[in-house]
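**Q** Attaching a single structure in structure tokens format; questions to follow.
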Protein chains: 4
Amino acid sequence: MIKVGIIGATGYAGVELIRILLNHPQAELVAVSSVSFEGKALSEVYPSLVGLCDLPCCSAQEAIEKSDIVFACVQHGISQEFAAQCAERGVAFVDLGADFRLKEEADYAQWYGGVYTHKQLHEQAVYALPELFREQIKKARILANPGCYPTSVALGLAPALREGLIEPQGIVIDSKSGVTGSGRSPSETAHFPNCNEAFSPYKIASHRHTPEIEQTLSTVAGETLRVVFVPHLLPLNRGIISTMYARLKPGVEETQLREAYQRAYRAERFVRVLAPGKTANLRNVRCSNFCDISLHMDARTGTLIAVSAIDNMVKGAAGQAVQNMNLLFGLPEETGLQMIPTCF
Amino acid sequence: MIKVGIIGATGYAGVELIRILLNHPQAELVAVSSVSFEGKALSEVYPSLVGLCDLPCCSAQEAIEKSDIVFACVQHGISQEFAAQCAERGVAFVDLGADFRLKEEADYAQWYGGVYTHKQLHEQAVYALPELFREQIKKARILANPGCYPTSVALGLAPALREGLIEPQGIVIDSKSGVTGSGRSPSETAHFPNCNEAFSPYKIASHRHTPEIEQTLSTVAGETLRVVFVPHLLPLNRGIISTMYARLKPGVEETQLREAYQRAYRAERFVRVLAPGKTANLRNVRCSNFCDISLHMDARTGTLIAVSAIDNMVKGAAGQAVQNMNLLFGLPEETGLQMIPTCF
Amino acid sequence: MIKVGIIGATGYAGVELIRILLNHPQAELVAVSSVSFEGKALSEVYPSLVGLCDLPCCSAQEAIEKSDIVFACVQHGISQEFAAQCAERGVAFVDLGADFRLKEEADYAQWYGGVYTHKQLHEQAVYALPELFREQIKKARILANPGCYPTSVALGLAPALREGLIEPQGIVIDSKSGVTGSGRSPSETAHFPNCNEAFSPYKIASHRHTPEIEQTLSTVAGETLRVVFVPHLLPLNRGIISTMYARLKPGVEETQLREAYQRAYRAERFVRVLAPGKTANLRNVRCSNFCDISLHMDARTGTLIAVSAIDNMVKGAAGQAVQNMNLLFGLPEETGLQMIPTCF
Amino acid sequence: MIKVGIIGATGYAGVELIRILLNHPQAELVAVSSVSFEGKALSEVYPSLVGLCDLPCCSAQEAIEKSDIVFACVQHGISQEFAAQCAERGVAFVDLGADFRLKEEADYAQWYGGVYTHKQLHEQAVYALPELFREQIKKARILANPGCYPTSVALGLAPALREGLIEPQGIVIDSKSGVTGSGRSPSETAHFPNCNEAFSPYKIASHRHTPEIEQTLSTVAGETLRVVFVPHLLPLNRGIISTMYARLKPGVEETQLREAYQRAYRAERFVRVLAPGKTANLRNVRCSNFCDISLHMDARTGTLIAVSAIDNMVKGAAGQAVQNMNLLFGLPEETGLQMIPTCF
């Protein structure tokens with residue numbers, strides 16, 4: 001059994017990890033840490049867990065000491081120190097935050113206003129999107145679990161970009177996320193009467209996931225590209241839809257595109273490329289680790305419209321983190337992740 | 001592996017059964033039948049199941065022939081014939097509809113307007129609420145899976161009634177259910193702009209679950225009782241809350257009540273009696289087989305207020321049906337039912 | 001034109017008053033005060049008001065000085081001092097909070113933990129539910145605008161109680177309110193992922209509106225009565241449904257009941273007693289000042305089930321306050337209140 | 001008083017017209033027609049209107065005969081005949097459907113599969129978006145009330161296009177609409193459990209509003225242009241947000257853009273161009289005739305992101321129709337349209 005610790009266990013990503021790990025046949029949850037709730041039982045904070053996980057919240061230190069692998073679900077800027085401690089003790093480290101996602105410290109400085117305090121750790125860290133970077137993940141000890149939006153975007157565009165079927169420049173990404181994306185702390189944004197029966201974009205062309213998206217897409221495309229990225233807040237709990245617009249390269253046919261996506265994802269357990277005529281909908285992936293992708297050609301304007309749907313808390317956070325753990329520990333990738341989407 | 005067939009697989013209870021059974025370690029889904037979608041793949045109707053259950057819908061006949069156990073998710077009046085065919089072939093039969101729930105044919109005639117066409121089957125049938133009637137269930141071959149409202153009510157009131165702590169007469173039950181309770185067919189009732197940002201009781205004191213509730217409570221209380229039962233439609237997908245009001249017998253103390261519930265449910269895997277000061281909320285049981293119960297004393301008026309919460313599609317339908325299957329086949333009761341509530 | 005000031009204008013009741021008063025043909029909004037947003041334009045806080053009400057928030061003092069009538073939308077305990085200042089200056093005062101609702105200071109002390117600092121003001125204050133106490137309101141200068149739940153309950157039960165058609169003791173009131181009832185400040189309770197797809201009772205048999213409900217019902221019934229009152233939080237923005245259960249006096253017929261309600265409300269502009277077979281639904285009164293009431297007899301148990309629906313922010317707060325202002329100033333009661341329910 | 005008739009009064013646009021017209025000081029609703037509900041009172045279909053509009057539904061014929069102006073809220077293909085009858089009797093005609101929106105019959109044939117049976121009426125008809133075509137509207141007798149999406153798009157892009165500040169080609173329009181847009185008839189699409197907690201694009205690059213959008217934008221731009229248009233279905237009742245992406249012409253500065261929008265809309269009662277830093281949100285226009293527009297520059301990619309928000313049932317349908325009626329009859333344009341957004 002893999003001994004698992006979670007730092008920042010009472011945030012939404014943390015509690016979703018717990019929901020998954022409690023049913024993981026090869027993992028044992030040994031420690032959950034929380035600054036805000038230290039000493040309190042997790043089920044006090046989340047009554048859904050009464051009788052299922054009554055572990056008391058401990059310190060981050062304790063979590064690191066007890067575990068073979070630690071998941072950190074904390075604000076950016078805080079993970080690096082935990083990563084260092086894990087590295088020292090030989091504990092695998094999966095950061096669900098942003099501290100290890102960006103290769104260029106300059107990007108981190110610009111978008112997050114921080115510095116890389118442990119540069120050698122950043123050199124070892126791997127951007128852990130399994131469908132694109134599986135082999136590197138297997139060999140790593142520090143994993144940067146991708147952001148929710150970047151996961152949906154990278155999976156939705158990678159095959160077309162990699163095979164040169166769309167123009168890498170001028171891509172427009174219009175994403176929509178459920179409210180769990182804004183976290184468990186009450187806020188104006190997530191106040192029910194403010195977001196129920198409401199809808200709006202936010203952080204227009206300035207969201208911190210932008211450089212992460214560009215980094216992955218540039219890697220895949222083999223050239224530096226920039227995107228227009230606009231997230232929106234949906235009045236629902238879980239899920240992200242990204243609607244992505246790219247100009248088709250001259251002469252590209254729909255079959256070529258579909259074949260590229262088939263090649264990329266045929267063997268993937270968690271990516272479903274939908275049949276022609278079907279459209280991705282976030283309800284079809286809810287509470288599961290799937291990413292559904294649908295492809296649409298607008299012949300009138302020469303545009304590929306790719307739509308991808310994930311559960312932001314699963315494939316966009318905790319599920320992908322467990323998928324990464326499975327890779328690290330040599331388990332079948334789907335272990336503990338076979339949740340069927342709830343669909344209603 | 002138990003071979004399982006589902007009749008009426010494309011209704012919500014049917015598809016929820018599939019969601020559960022696909023992850024059940026001892027069951028194999030061998031046939032799904034549907035009148036409306038015969039020949040069509042289930043994943044055509046529910047795209048959430050693409051790649052997970054692409055079984056084509058077959059006839060009821062075929063489902064019965066292939067299975068060790070059949071779940072019927074059909075309108076009342078239709079199940080009896082299926083039950084007879086199963087009985088003949090030695091196939092266990094779990095009816096998620098209402099045909100076998102009422103002991104008195106007169107009640108069935110009055111509330112459902114039907115007749116018992118196979119009286120000997122009704123004599124064999126067992127009302128399959130495991131926490132109350134476990135031993136009978138184990139020996140039966142025809143099971144009447146309880147209705148969603150009656151499950152929430154019976155579990156919420158049984159201990160107090162059985163131990164004579166509340167007056168059996170004058171009980172008021174104010175229940176609220178999510179919209180999945182009204183089924184998968186589009187209707188005025190379930191039209192989004194009609195029920196979103198809306199709330200209302202319906203079938204006031206005339207809902208068909210009334211005699212079923214009274215039958216169970218009367219059995220438990222040891223005397224015939226009548227209840228006032230008013231269901232309401234909540235603008236959400238899943239879940240039932242029943243708020244139940246009963247006069248306390250003179251001199252009854254809160255500790256007595258709590259002890260009665262502890263005695264009744266201490267060993268139960270799926271019933272959680274909440275600690276004093278906590279209140280049941282349907283989000284804490286969502287997508288799980290739990291029934292959460294909270295108890296509240298109104299000393300000012302001498303009233304017990306019991307609140308019970310279930311997921312209407314799981315403990316109120318498909319989950320309870322699988323729990324019953326486990327009992328029938330001698331499996332640990334929680335097999336395949338360890339889903340952690342999603343909570344958000 | 002009546003000069004109107006609002007103290008606590010940036011809370012939900014305050015901004016709903018503004019929404020109504022901006023279209024009131026005889027009222028002019030002259031001052032809006034807010035402690036949290038003093039100096040800021042109201043439309044900064046509520047962008048829906050851009051170009052419609054760009055008044056800067058002032059002090060309470062200033063609001064009192066400029067106005068013929070002041071509406072106070074503040075936490076209990078704070079209004080009494082404002083009322084005193086208004087009384088001194090001859091300004092009419094409508095308290096949308098709880099400070100003047102309870103006749104007995106002992107009740108206020110018990111349920112709110114406060115004291116009556118200006119007892120003579122309390123003697124002058126009138127409980128301002130127009131349909132029940134219209135004549136007193138016309139002559140008053142300090143009005144206690146009723147609470148949202150108590151409005152729905154009092155209108156729903158008064159005719160039956162007044163005419164002695166139901167037993168005054170043993171009444172059960174199961175109420176459900178939208179989230180605006182919990183105010184504009186972000187909180188755990190109103191955090192979107194906590195209340196969306198969730199439902200639960202709260203403050204069971206201990207909500208502060210209980211003594212207010214009992215006070216009005218006792219007055220109407222002519223005897224002291226106690227009720228069981230349980231509020232619930234609905235995942236929607238606006239509206240309250242109260243489902244009320246009372247034992248019918250022996251021999252009472254449905255026609256008697258309907259006639260009693262007709263007599264009571266025939267001439268009322270804002271109360272609609274629905275036809276037999278119809279059920280009150282909060283969506284039919286949304287954004288309007290109506291109270292819809294439906295009556296249901298459960299002959300099996302001898303129970304009257306009365307259902308009342310209001311918009312908690314209109315008839316349950318701001319609309320009723322304007323109705324009271326109209327009464328005070330001798331205007332037709334419906335002036336500025338002719339909003340048609342939005343219904344979807 | 002203007003005598004108003006509504007054909008197709010029981011659809012959502014029809015009942016929203018009624019909601020507005022009942023409070024219009026210069027209009028009298030004289031006839032409401034409905035094929036499905038002929039003879040039934042409107043308040044039977046919409047209980048929110050009990051006591052407010054108990055008119056029985058009549059025939060279209062009767063509505064035309066009694067009225068000075070007729071609003072038609074019917075499926076495309078049906079309006080032309082009604083328009084002809086109105087023209088004959090000198091009755092003004094406002095079509096809320098699509099029959100008179102497209103100038104080119106070829107477009108109508110391609111996108112709607114219909115023919116223009118009364119070509120001379122089409123020559124007289126005016127596309128009635130007041131902010132763009134006010135003078136033509138005043139002189140017309142047959143008005144094509146714009147579609148909901150096209151209203152939000154045209155208002156959001158017209159100033160930039162007209163002044164040549166953005167590239168007319170390559171515009172991407174990602175729109176999101178509430179469920180009322182799909183009408184009052186129950187359907188799979190609008191079934192609550194299908195769209196609650198769900199989100200998805202639909203009719204990708206093939207929605208019938210596409211040619212209407214292109215027609216208006218081409219007129220404004222002075223050249224034929226094509227757009228990529230993708231609508232999505234939001235899990236809420238009312239409102240449309242369009243997020244629009246256009247390449248800035250070289251050298252264009254934000255101030256130029258803001259000035260262009262100010263010039264265009266400064267004198268407009270119903271268009272609000274938000275201050276820099278603010279973002280349009282559909283909740284700020286709900287139940288009102290406003291269109292809120294926010295402008296965002298992405299300097300990194302040289303992109304204008306314009307966001308517009310309307311209530312699809314008001315500015316996107318019934319409100320705009322009344323605005324047009326006011327223009328036709330020489331009334332102040334805002335008569336009866338001063339509804340303040342409800343905002344929660």
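Following the order of the structure tokens, first chain is A, next is B, and so on, with residues numbered from 1 inside each chain and ligands from 1 in the order they appear.
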Using only C-alpha atoms, find each residue in chain A having at least one atom no more than 6 Å away from chain C; report its shortest atom-to-atom pair and that distance in Å (one decimal), rows by chain then rising number, as JSON lines.
**A**
{"residue": "A:Pro186", "atom": "CA", "partner": "C:His191", "partner_atom": "CA", "distance": 5.4}
{"residue": "A:Ser187", "atom": "CA", "partner": "C:Pro186", "partner_atom": "CA", "distance": 5.4}
{"residue": "A:Glu188", "atom": "CA", "partner": "C:Pro186", "partner_atom": "CA", "distance": 5.9}
{"residue": "A:Ala190", "atom": "CA", "partner": "C:Phe192", "partner_atom": "CA", "distance": 5.4}
{"residue": "A:His191", "atom": "CA", "partner": "C:His191", "partner_atom": "CA", "distance": 5.0}
{"residue": "A:Phe192", "atom": "CA", "partner": "C:Phe192", "partner_atom": "CA", "distance": 4.4}
{"residue": "A:Pro193", "atom": "CA", "partner": "C:Asn237", "partner_atom": "CA", "distance": 5.7}
{"residue": "A:Asn237", "atom": "CA", "partner": "C:Pro193", "partner_atom": "CA", "distance": 5.6}
**Q** Within 8 Å of Val273 of chain C, counting only C-alpha atoms, which residues qualify if same-chain residues fewer than 2 places away don't, as a ChimeraX atom specification?
**A** /C:261-262,265,271,275,292-294
**Q** Which parts of segment 71-245 of chain C does DSSP call strand (DSSP E) when run on the backbone here, written out as a ChimeraX atom specification?
**A** /C:71-72,92-95,126-127,142-144,171-177,200-201,227-233,240-245
**Q** Which residue gives the smallest distance to Ala205 of chain D among A:Thr224, A:Gly302, A:Val252, A:Val172, with only C-alpha atoms counted?
**A**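 Closest to Ala205 of chain D of all the choices is A:Gly302.
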